$ cat model_21.tsv   # TSV, N, CA and C atoms
chain	number	residue	atom	x	y	z
U	250	MET	N	0.82	-1.18	0.00
U	250	MET	CA	0.00	0.00	0.00
U	250	MET	C	0.87	1.24	0.00
U	251	SER	N	1.60	1.47	-1.00
U	251	SER	CA	2.48	2.62	-1.06
U	251	SER	C	1.70	3.89	-1.32
U	252	GLY	N	1.94	4.92	-0.50
U	252	GLY	CA	1.29	6.22	-0.67
U	252	GLY	C	-0.15	6.27	-0.18
U	253	ILE	N	-0.65	5.21	0.42
U	253	ILE	CA	-2.04	5.19	0.90
U	253	ILE	C	-2.01	5.28	2.42
U	254	ASP	N	-2.76	6.23	2.96
U	254	ASP	CA	-2.75	6.43	4.41
U	254	ASP	C	-3.97	5.81	5.09
U	255	HIS	N	-4.64	4.91	4.39
U	255	HIS	CA	-5.80	4.25	5.00
U	255	HIS	C	-5.92	2.83	4.47
U	256	ASP	N	-6.78	2.08	5.09
U	256	ASP	CA	-7.04	0.69	4.68
U	256	ASP	C	-8.29	0.69	3.81
U	257	CYS	N	-8.18	0.25	2.59
U	257	CYS	CA	-9.29	0.24	1.64
U	257	CYS	C	-10.28	-0.91	1.89
U	258	ARG	N	-9.87	-1.90	2.65
U	258	ARG	CA	-10.72	-3.09	2.82
U	258	ARG	C	-12.11	-2.78	3.40
U	259	PRO	N	-12.24	-1.98	4.46
U	259	PRO	CA	-13.59	-1.73	5.00
U	259	PRO	C	-14.52	-1.10	3.96
U	260	LEU	N	-14.00	-0.16	3.20
U	260	LEU	CA	-14.81	0.50	2.17
U	260	LEU	C	-15.19	-0.50	1.07
U	261	GLN	N	-14.25	-1.34	0.69
U	261	GLN	CA	-14.53	-2.34	-0.33
U	261	GLN	C	-15.51	-3.40	0.18
U	262	GLN	N	-15.43	-3.74	1.46
U	262	GLN	CA	-16.40	-4.68	2.04
U	262	GLN	C	-17.80	-4.09	2.03
U	263	LEU	N	-17.89	-2.80	2.33
U	263	LEU	CA	-19.19	-2.14	2.26
U	263	LEU	C	-19.74	-2.17	0.84
U	264	ALA	N	-18.88	-1.93	-0.13
U	264	ALA	CA	-19.31	-1.94	-1.53
U	264	ALA	C	-19.80	-3.33	-1.93
U	265	VAL	N	-19.14	-4.38	-1.44
U	265	VAL	CA	-19.55	-5.75	-1.75
U	265	VAL	C	-20.93	-6.02	-1.14
U	266	LEU	N	-21.11	-5.61	0.10
U	266	LEU	CA	-22.42	-5.79	0.75
U	266	LEU	C	-23.51	-5.06	-0.02
U	267	LEU	N	-23.22	-3.85	-0.45
U	267	LEU	CA	-24.21	-3.07	-1.21
U	267	LEU	C	-24.50	-3.73	-2.56
U	268	ALA	N	-23.47	-4.23	-3.20
U	268	ALA	CA	-23.66	-4.90	-4.50
U	268	ALA	C	-24.51	-6.16	-4.34
U	269	ASP	N	-24.40	-6.82	-3.20
U	269	ASP	CA	-25.20	-8.02	-2.93
U	269	ASP	C	-26.60	-7.68	-2.45
U	270	GLY	N	-26.90	-6.38	-2.29
U	270	GLY	CA	-28.22	-5.97	-1.83
U	270	GLY	C	-28.41	-6.10	-0.33
U	271	GLN	N	-27.34	-6.22	0.40
U	271	GLN	CA	-27.40	-6.38	1.85
U	271	GLN	C	-27.22	-5.01	2.53
U	272	VAL	N	-28.21	-4.17	2.33
U	272	VAL	CA	-28.12	-2.80	2.84
U	272	VAL	C	-28.11	-2.79	4.37
U	273	ASP	N	-28.95	-3.62	5.00
U	273	ASP	CA	-28.97	-3.66	6.46
U	273	ASP	C	-27.61	-4.07	7.03
U	274	ALA	N	-27.00	-5.06	6.41
U	274	ALA	CA	-25.68	-5.51	6.87
U	274	ALA	C	-24.65	-4.40	6.65
U	275	ALA	N	-24.76	-3.68	5.55
U	275	ALA	CA	-23.83	-2.57	5.28
U	275	ALA	C	-24.01	-1.46	6.32
U	276	ILE	N	-25.26	-1.18	6.68
U	276	ILE	CA	-25.51	-0.15	7.70
U	276	ILE	C	-24.89	-0.58	9.03
U	277	GLU	N	-25.10	-1.83	9.39
U	277	GLU	CA	-24.52	-2.34	10.64
U	277	GLU	C	-23.00	-2.34	10.59
U	278	ALA	N	-22.43	-2.47	9.40
U	278	ALA	CA	-20.97	-2.49	9.25
U	278	ALA	C	-20.39	-1.08	9.20
U	279	GLY	N	-21.24	-0.05	9.32
U	279	GLY	CA	-20.73	1.32	9.37
U	279	GLY	C	-20.86	2.09	8.08
U	280	LEU	N	-21.83	1.76	7.28
U	280	LEU	CA	-22.02	2.44	6.00
U	280	LEU	C	-22.13	3.96	6.15
U	281	MET	N	-22.96	4.40	7.08
U	281	MET	CA	-23.21	5.84	7.19
U	281	MET	C	-22.03	6.61	7.80
U	282	GLU	N	-21.13	5.91	8.43
U	282	GLU	CA	-19.96	6.57	9.03
U	282	GLU	C	-18.74	6.52	8.11
U	283	ALA	N	-18.83	5.80	7.01
U	283	ALA	CA	-17.67	5.63	6.13
U	283	ALA	C	-17.33	6.96	5.47
U	284	PRO	N	-16.08	7.40	5.61
U	284	PRO	CA	-15.67	8.66	4.99
U	284	PRO	C	-15.42	8.48	3.49
U	285	PRO	N	-15.65	9.52	2.70
U	285	PRO	CA	-15.36	9.42	1.27
U	285	PRO	C	-13.84	9.36	1.03
U	286	ARG	N	-13.44	8.60	0.03
U	286	ARG	CA	-12.02	8.47	-0.31
U	286	ARG	C	-11.82	8.71	-1.81
U	287	PRO	N	-12.23	9.83	-2.34
U	287	PRO	CA	-12.11	10.04	-3.78
U	287	PRO	C	-10.66	10.13	-4.26
U	288	GLN	N	-9.72	10.46	-3.37
U	288	GLN	CA	-8.33	10.60	-3.77
U	288	GLN	C	-7.61	9.26	-3.91
U	289	CYS	N	-8.19	8.19	-3.38
U	289	CYS	CA	-7.55	6.88	-3.43
U	289	CYS	C	-7.99	6.15	-4.69
U	290	ALA	N	-7.06	5.85	-5.56
U	290	ALA	CA	-7.39	5.17	-6.82
U	290	ALA	C	-7.83	3.73	-6.58
U	291	GLN	N	-7.32	3.11	-5.52
U	291	GLN	CA	-7.65	1.71	-5.25
U	291	GLN	C	-9.10	1.53	-4.78
U	292	CYS	N	-9.62	2.49	-4.09
U	292	CYS	CA	-10.99	2.32	-3.59
U	292	CYS	C	-11.94	3.40	-4.11
U	293	ALA	N	-11.60	4.04	-5.21
U	293	ALA	CA	-12.44	5.11	-5.77
U	293	ALA	C	-13.82	4.58	-6.17
U	294	SER	N	-13.87	3.42	-6.81
U	294	SER	CA	-15.14	2.85	-7.23
U	294	SER	C	-15.99	2.50	-6.01
U	295	ALA	N	-15.38	1.87	-5.03
U	295	ALA	CA	-16.09	1.51	-3.80
U	295	ALA	C	-16.56	2.77	-3.08
U	296	SER	N	-15.73	3.80	-3.10
U	296	SER	CA	-16.08	5.05	-2.44
U	296	SER	C	-17.29	5.68	-3.12
U	297	ARG	N	-17.34	5.65	-4.45
U	297	ARG	CA	-18.50	6.20	-5.17
U	297	ARG	C	-19.76	5.42	-4.84
U	298	GLN	N	-19.63	4.10	-4.77
U	298	GLN	CA	-20.78	3.25	-4.44
U	298	GLN	C	-21.30	3.56	-3.03
U	299	VAL	N	-20.38	3.67	-2.10
U	299	VAL	CA	-20.75	3.94	-0.72
U	299	VAL	C	-21.38	5.33	-0.60
U	300	GLN	N	-20.80	6.32	-1.26
U	300	GLN	CA	-21.36	7.67	-1.20
U	300	GLN	C	-22.75	7.73	-1.81
U	301	ALA	N	-22.96	7.02	-2.92
U	301	ALA	CA	-24.28	6.99	-3.54
U	301	ALA	C	-25.30	6.33	-2.61
U	302	ALA	N	-24.90	5.26	-1.95
U	302	ALA	CA	-25.79	4.58	-1.02
U	302	ALA	C	-26.10	5.49	0.18
U	303	GLN	N	-25.09	6.20	0.66
U	303	GLN	CA	-25.31	7.12	1.78
U	303	GLN	C	-26.32	8.20	1.39
U	304	GLN	N	-26.18	8.75	0.19
U	304	GLN	CA	-27.12	9.78	-0.27
U	304	GLN	C	-28.54	9.23	-0.38
U	305	ARG	N	-28.67	8.04	-0.96
U	305	ARG	CA	-30.00	7.44	-1.11
U	305	ARG	C	-30.65	7.21	0.26
U	306	LEU	N	-29.86	6.71	1.20
U	306	LEU	CA	-30.40	6.45	2.54
U	306	LEU	C	-30.79	7.74	3.25
U	307	ARG	N	-29.95	8.76	3.14
U	307	ARG	CA	-30.29	10.04	3.79
U	307	ARG	C	-31.58	10.61	3.21
U	308	LYS	N	-31.73	10.53	1.88
U	308	LYS	CA	-32.95	11.02	1.24
U	308	LYS	C	-34.15	10.19	1.67
U	309	ALA	N	-33.99	8.88	1.73
U	309	ALA	CA	-35.10	8.00	2.13
U	309	ALA	C	-35.49	8.24	3.58
U	310	TRP	N	-34.50	8.40	4.45
U	310	TRP	CA	-34.80	8.63	5.86
U	310	TRP	C	-35.48	9.99	6.04
U	311	ALA	N	-35.01	10.99	5.31
U	311	ALA	CA	-35.65	12.31	5.40
U	311	ALA	C	-37.09	12.24	4.89
U	312	ALA	N	-37.31	11.50	3.81
U	312	ALA	CA	-38.67	11.35	3.27
U	312	ALA	C	-39.56	10.62	4.26
U	313	ARG	N	-39.03	9.60	4.90
U	313	ARG	CA	-39.80	8.86	5.90
U	313	ARG	C	-40.18	9.78	7.06
U	314	GLU	N	-39.24	10.62	7.48
U	314	GLU	CA	-39.53	11.54	8.59
U	314	GLU	C	-40.59	12.56	8.17
U	315	ARG	N	-40.50	13.06	6.94
U	315	ARG	CA	-41.53	13.99	6.45
U	315	ARG	C	-42.89	13.30	6.39
U	316	TYR	N	-42.92	12.05	5.96
U	316	TYR	CA	-44.16	11.28	5.87
U	316	TYR	C	-44.78	11.11	7.26
U	317	ARG	N	-43.95	10.77	8.23
U	317	ARG	CA	-44.45	10.60	9.60
U	317	ARG	C	-44.97	11.92	10.17
U	318	ALA	N	-44.23	12.99	9.92
U	318	ALA	CA	-44.67	14.30	10.41
U	318	ALA	C	-45.99	14.70	9.75
U	319	ARG	N	-46.13	14.41	8.46
U	319	ARG	CA	-47.37	14.72	7.75
U	319	ARG	C	-48.53	13.92	8.33
U	320	GLY	N	-48.30	12.64	8.60
U	320	GLY	CA	-49.33	11.81	9.19
U	320	GLY	C	-49.78	12.33	10.55
U	321	ALA	N	-48.81	12.72	11.36
U	321	ALA	CA	-49.14	13.27	12.68
U	321	ALA	C	-49.91	14.58	12.54
U	322	ARG	N	-49.49	15.41	11.59
U	322	ARG	CA	-50.16	16.68	11.36
U	322	ARG	C	-51.60	16.45	10.89
U	323	LEU	N	-51.80	15.52	9.96
U	323	LEU	CA	-53.15	15.22	9.47
U	323	LEU	C	-54.03	14.65	10.57
U	324	THR	N	-53.47	13.80	11.41
U	324	THR	CA	-54.23	13.23	12.53
U	324	THR	C	-54.65	14.33	13.49
U	325	ARG	N	-53.72	15.23	13.80
U	325	ARG	CA	-54.02	16.33	14.71
U	325	ARG	C	-55.10	17.23	14.13
U	326	ARG	N	-54.99	17.56	12.85
U	326	ARG	CA	-56.00	18.42	12.21
U	326	ARG	C	-57.37	17.74	12.17
U	327	ALA	N	-57.39	16.44	11.91
U	327	ALA	CA	-58.66	15.71	11.89
U	327	ALA	C	-59.31	15.72	13.27
U	328	ALA	N	-58.50	15.55	14.31
U	328	ALA	CA	-59.04	15.58	15.67
U	328	ALA	C	-59.58	16.97	16.01
U	329	GLU	N	-58.85	18.01	15.60
U	329	GLU	CA	-59.33	19.37	15.84
U	329	GLU	C	-60.63	19.63	15.09
U	330	ARG	N	-60.70	19.19	13.85
U	330	ARG	CA	-61.91	19.37	13.04
U	330	ARG	C	-63.08	18.61	13.66
U	331	GLN	N	-62.84	17.40	14.11
U	331	GLN	CA	-63.88	16.59	14.75
U	331	GLN	C	-64.37	17.27	16.02
U	332	ALA	N	-63.45	17.84	16.78
U	332	ALA	CA	-63.84	18.51	18.02
U	332	ALA	C	-64.71	19.73	17.72
U	333	ARG	N	-64.40	20.45	16.65
U	333	ARG	CA	-65.21	21.61	16.28
U	333	ARG	C	-66.59	21.19	15.81
U	334	ARG	N	-66.69	20.05	15.14
U	334	ARG	CA	-67.95	19.58	14.59
U	334	ARG	C	-68.81	18.82	15.60
U	335	ALA	N	-68.25	18.42	16.68
U	335	ALA	CA	-68.98	17.61	17.66
U	335	ALA	C	-70.15	18.41	18.21
U	336	PRO	N	-71.30	17.76	18.35
U	336	PRO	CA	-72.46	18.48	18.91
U	336	PRO	C	-72.20	18.80	20.38
U	337	PRO	N	-72.88	19.82	20.88
U	337	PRO	CA	-72.68	20.15	22.30
U	337	PRO	C	-73.16	18.98	23.15
U	338	PRO	N	-72.64	18.85	24.33
U	338	PRO	CA	-73.04	17.74	25.18
U	338	PRO	C	-74.55	17.80	25.46
U	339	ALA	N	-75.17	16.64	25.43
U	339	ALA	CA	-76.61	16.56	25.66
U	339	ALA	C	-76.91	16.88	27.12
U	340	PRO	N	-78.02	17.57	27.35
U	340	PRO	CA	-78.37	17.87	28.75
U	340	PRO	C	-78.71	16.57	29.47
U	341	SER	N	-78.48	16.58	30.75
U	341	SER	CA	-78.78	15.37	31.53
U	341	SER	C	-80.29	15.17	31.58
U	342	ASN	N	-80.71	13.95	31.82
U	342	ASN	CA	-82.13	13.61	31.85
U	342	ASN	C	-82.85	14.16	33.09
U	343	THR	N	-82.12	14.44	34.13
U	343	THR	CA	-82.75	14.98	35.33
U	343	THR	C	-82.94	16.47	35.14
U	344	PRO	N	-84.20	16.93	35.28
U	344	PRO	CA	-84.44	18.36	35.09
U	344	PRO	C	-83.83	19.16	36.23
U	345	VAL	N	-83.24	20.22	35.89
U	345	VAL	CA	-82.61	21.10	36.86
U	345	VAL	C	-83.48	22.35	36.95
U	346	ALA	N	-83.94	22.62	38.13
U	346	ALA	CA	-84.78	23.80	38.32
U	346	ALA	C	-83.93	25.04	38.16
U	347	PRO	N	-84.44	26.00	37.43
U	347	PRO	CA	-83.68	27.24	37.30
U	347	PRO	C	-83.62	27.95	38.65
U	348	ALA	N	-82.57	28.63	38.88
U	348	ALA	CA	-82.40	29.34	40.14
U	348	ALA	C	-83.40	30.49	40.21
U	349	LEU	N	-84.05	30.60	41.35
U	349	LEU	CA	-85.03	31.67	41.55
U	349	LEU	C	-84.37	32.82	42.29
U	350	PRO	N	-84.86	34.00	42.02
U	350	PRO	CA	-84.36	35.14	42.81
U	350	PRO	C	-84.72	34.90	44.28
U	351	PRO	N	-83.90	35.40	45.19
U	351	PRO	CA	-84.12	35.14	46.63
U	351	PRO	C	-85.52	35.52	47.13
U	352	ALA	N	-86.07	36.63	46.69
U	352	ALA	CA	-87.39	37.06	47.16
U	352	ALA	C	-88.47	36.07	46.71
U	353	VAL	N	-88.36	35.60	45.48
U	353	VAL	CA	-89.32	34.65	44.94
U	353	VAL	C	-89.19	33.32	45.67
U	354	ALA	N	-87.97	32.89	45.93
U	354	ALA	CA	-87.74	31.63	46.65
U	354	ALA	C	-88.34	31.70	48.05
U	355	ALA	N	-88.20	32.85	48.72
U	355	ALA	CA	-88.76	33.01	50.07
U	355	ALA	C	-90.28	32.97	50.01
U	356	ALA	N	-90.88	33.64	49.02
U	356	ALA	CA	-92.34	33.63	48.88
U	356	ALA	C	-92.84	32.23	48.59
U	357	LEU	N	-92.14	31.50	47.77
U	357	LEU	CA	-92.51	30.13	47.45
U	357	LEU	C	-92.44	29.25	48.70
U	358	ALA	N	-91.42	29.43	49.48
U	358	ALA	CA	-91.27	28.65	50.72
U	358	ALA	C	-92.42	28.94	51.67
U	359	ARG	N	-92.82	30.21	51.79
U	359	ARG	CA	-93.94	30.57	52.67
U	359	ARG	C	-95.24	29.96	52.15
U	360	ALA	N	-95.43	29.97	50.82
U	360	ALA	CA	-96.65	29.41	50.24
U	360	ALA	C	-96.69	27.90	50.45
U	361	ARG	N	-95.60	27.24	50.33
U	361	ARG	CA	-95.55	25.78	50.56
U	361	ARG	C	-95.83	25.47	52.03
U	362	ALA	N	-95.30	26.29	52.91
U	362	ALA	CA	-95.51	26.07	54.32
U	362	ALA	C	-96.99	26.26	54.68
U	363	ARG	N	-97.63	27.27	54.11
U	363	ARG	CA	-99.05	27.50	54.36
U	363	ARG	C	-99.89	26.36	53.81
U	364	ALA	N	-99.49	25.88	52.61
U	364	ALA	CA	-100.23	24.78	51.99
U	364	ALA	C	-100.10	23.51	52.81
U	365	ALA	N	-98.97	23.32	53.44
U	365	ALA	CA	-98.75	22.13	54.25
U	365	ALA	C	-99.37	22.27	55.64
U	366	GLY	N	-99.85	23.45	55.98
U	366	GLY	CA	-100.48	23.68	57.25
U	366	GLY	C	-99.49	24.00	58.35
U	367	THR	N	-98.27	24.28	58.03
U	367	THR	CA	-97.28	24.62	59.03
U	367	THR	C	-97.26	26.14	59.17
U	368	PRO	N	-97.43	26.62	60.37
U	368	PRO	CA	-97.40	28.08	60.54
U	368	PRO	C	-95.99	28.62	60.35
U	369	ASN	N	-95.91	29.71	59.68
U	369	ASN	CA	-94.61	30.33	59.43
U	369	ASN	C	-94.51	31.51	60.37
U	370	GLY	N	-93.62	31.40	61.36
U	370	GLY	CA	-93.53	32.33	62.42
U	370	GLY	C	-93.08	33.65	62.07

$ encode --input "model_21.tsv" --output "structure tokens"
Amino acid sequence: MSGIDHDCRPLQQLAVLLADGQVDAAIEAGLMEAPPRPQCAQCASASRQVQAAQQRLRKAWAARERYRARGARLTRRAAERQARRAPPPAPSNTPVAPALPPAVAAALARARARAAGTPNG
């Protein structure tokens, strides 16, 4: 390896894995961390292959993240829209007497007491 300051084997192994379609194995072997070596004539082809695979993966991962974010955004918007469209809560079946003004409530109490035959002192 005269004049070469690195070992070409790891890059070439990654290229072989990629050529065999073993992308997962290449990722586990350090595909995304592999530095470009365009100046090395011995591994230039492997370097181009690895760089192309890195670009494709970065684009695919970014697209996947955009897709997930879009799905979350659409779900959130649908929930907000549903909440706006939801009918108001139904009133309970037990009737609630409206609040009476204090003077009317007192007069009603006196009338009930008289009707019941209880003297109101």

$ residues_around --input "model_21.tsv" --residues "region 255-261 of chain U" --least-positions-apart "3" --cutoff "7 Å" --atoms "only N, CA and C atoms" --output "list of chain:residue names"
U:Gly252, U:Ala264, U:Val265, U:Leu266, U:Gln291, U:Cys292, U:Ala295, U:Ser296

$ atom_distance --input "model_21.tsv" --atom1 "atom C of Glu277 (chain U)" --atom2 "atom C of Glu314 (chain U)"
23.2 Å

$ residues_around --input "model_21.tsv" --residues "Met281 (chain U)" --least-positions-apart "4" --cutoff "9 Å" --atoms "only C-alpha atoms" --output "short mmCIF file (atom, residue, chain, number, x, y, z; two decimals) with N, CA and C atoms, in the frame of the given file"
data_model
loop_
_atom_site.label_atom_id
_atom_site.label_comp_id
_atom_site.auth_asym_id
_atom_site.auth_seq_id
_atom_site.Cartn_x
_atom_site.Cartn_y
_atom_site.Cartn_z
N ALA U 275 -24.76 -3.68 5.55
CA ALA U 275 -23.83 -2.57 5.28
C ALA U 275 -24.01 -1.46 6.32
N ILE U 276 -25.26 -1.18 6.68
CA ILE U 276 -25.51 -0.15 7.70
C ILE U 276 -24.89 -0.58 9.03
N GLU U 277 -25.10 -1.83 9.39
CA GLU U 277 -24.52 -2.34 10.64
C GLU U 277 -23.00 -2.34 10.59
N VAL U 299 -20.38 3.67 -2.10
CA VAL U 299 -20.75 3.94 -0.72
C VAL U 299 -21.38 5.33 -0.60
N GLN U 300 -20.80 6.32 -1.26
CA GLN U 300 -21.36 7.67 -1.20
C GLN U 300 -22.75 7.73 -1.81
N ALA U 302 -24.90 5.26 -1.95
CA ALA U 302 -25.79 4.58 -1.02
C ALA U 302 -26.10 5.49 0.18
N GLN U 303 -25.09 6.20 0.66
CA GLN U 303 -25.31 7.12 1.78
C GLN U 303 -26.32 8.20 1.39
N LEU U 306 -29.86 6.71 1.20
CA LEU U 306 -30.40 6.45 2.54
C LEU U 306 -30.79 7.74 3.25
N ARG U 307 -29.95 8.76 3.14
CA ARG U 307 -30.29 10.04 3.79
C ARG U 307 -31.58 10.61 3.21
#

$ atom_distance --input "model_21.tsv" --atom1 "CA of Leu263 (chain U)" --atom2 "atom C of Gly279 (chain U)"
7.4 Å

$ atom_distance --input "model_21.tsv" --atom1 "atom C of Pro284 (chain U)" --atom2 "CA of Leu267 (chain U)"
15.3 Å
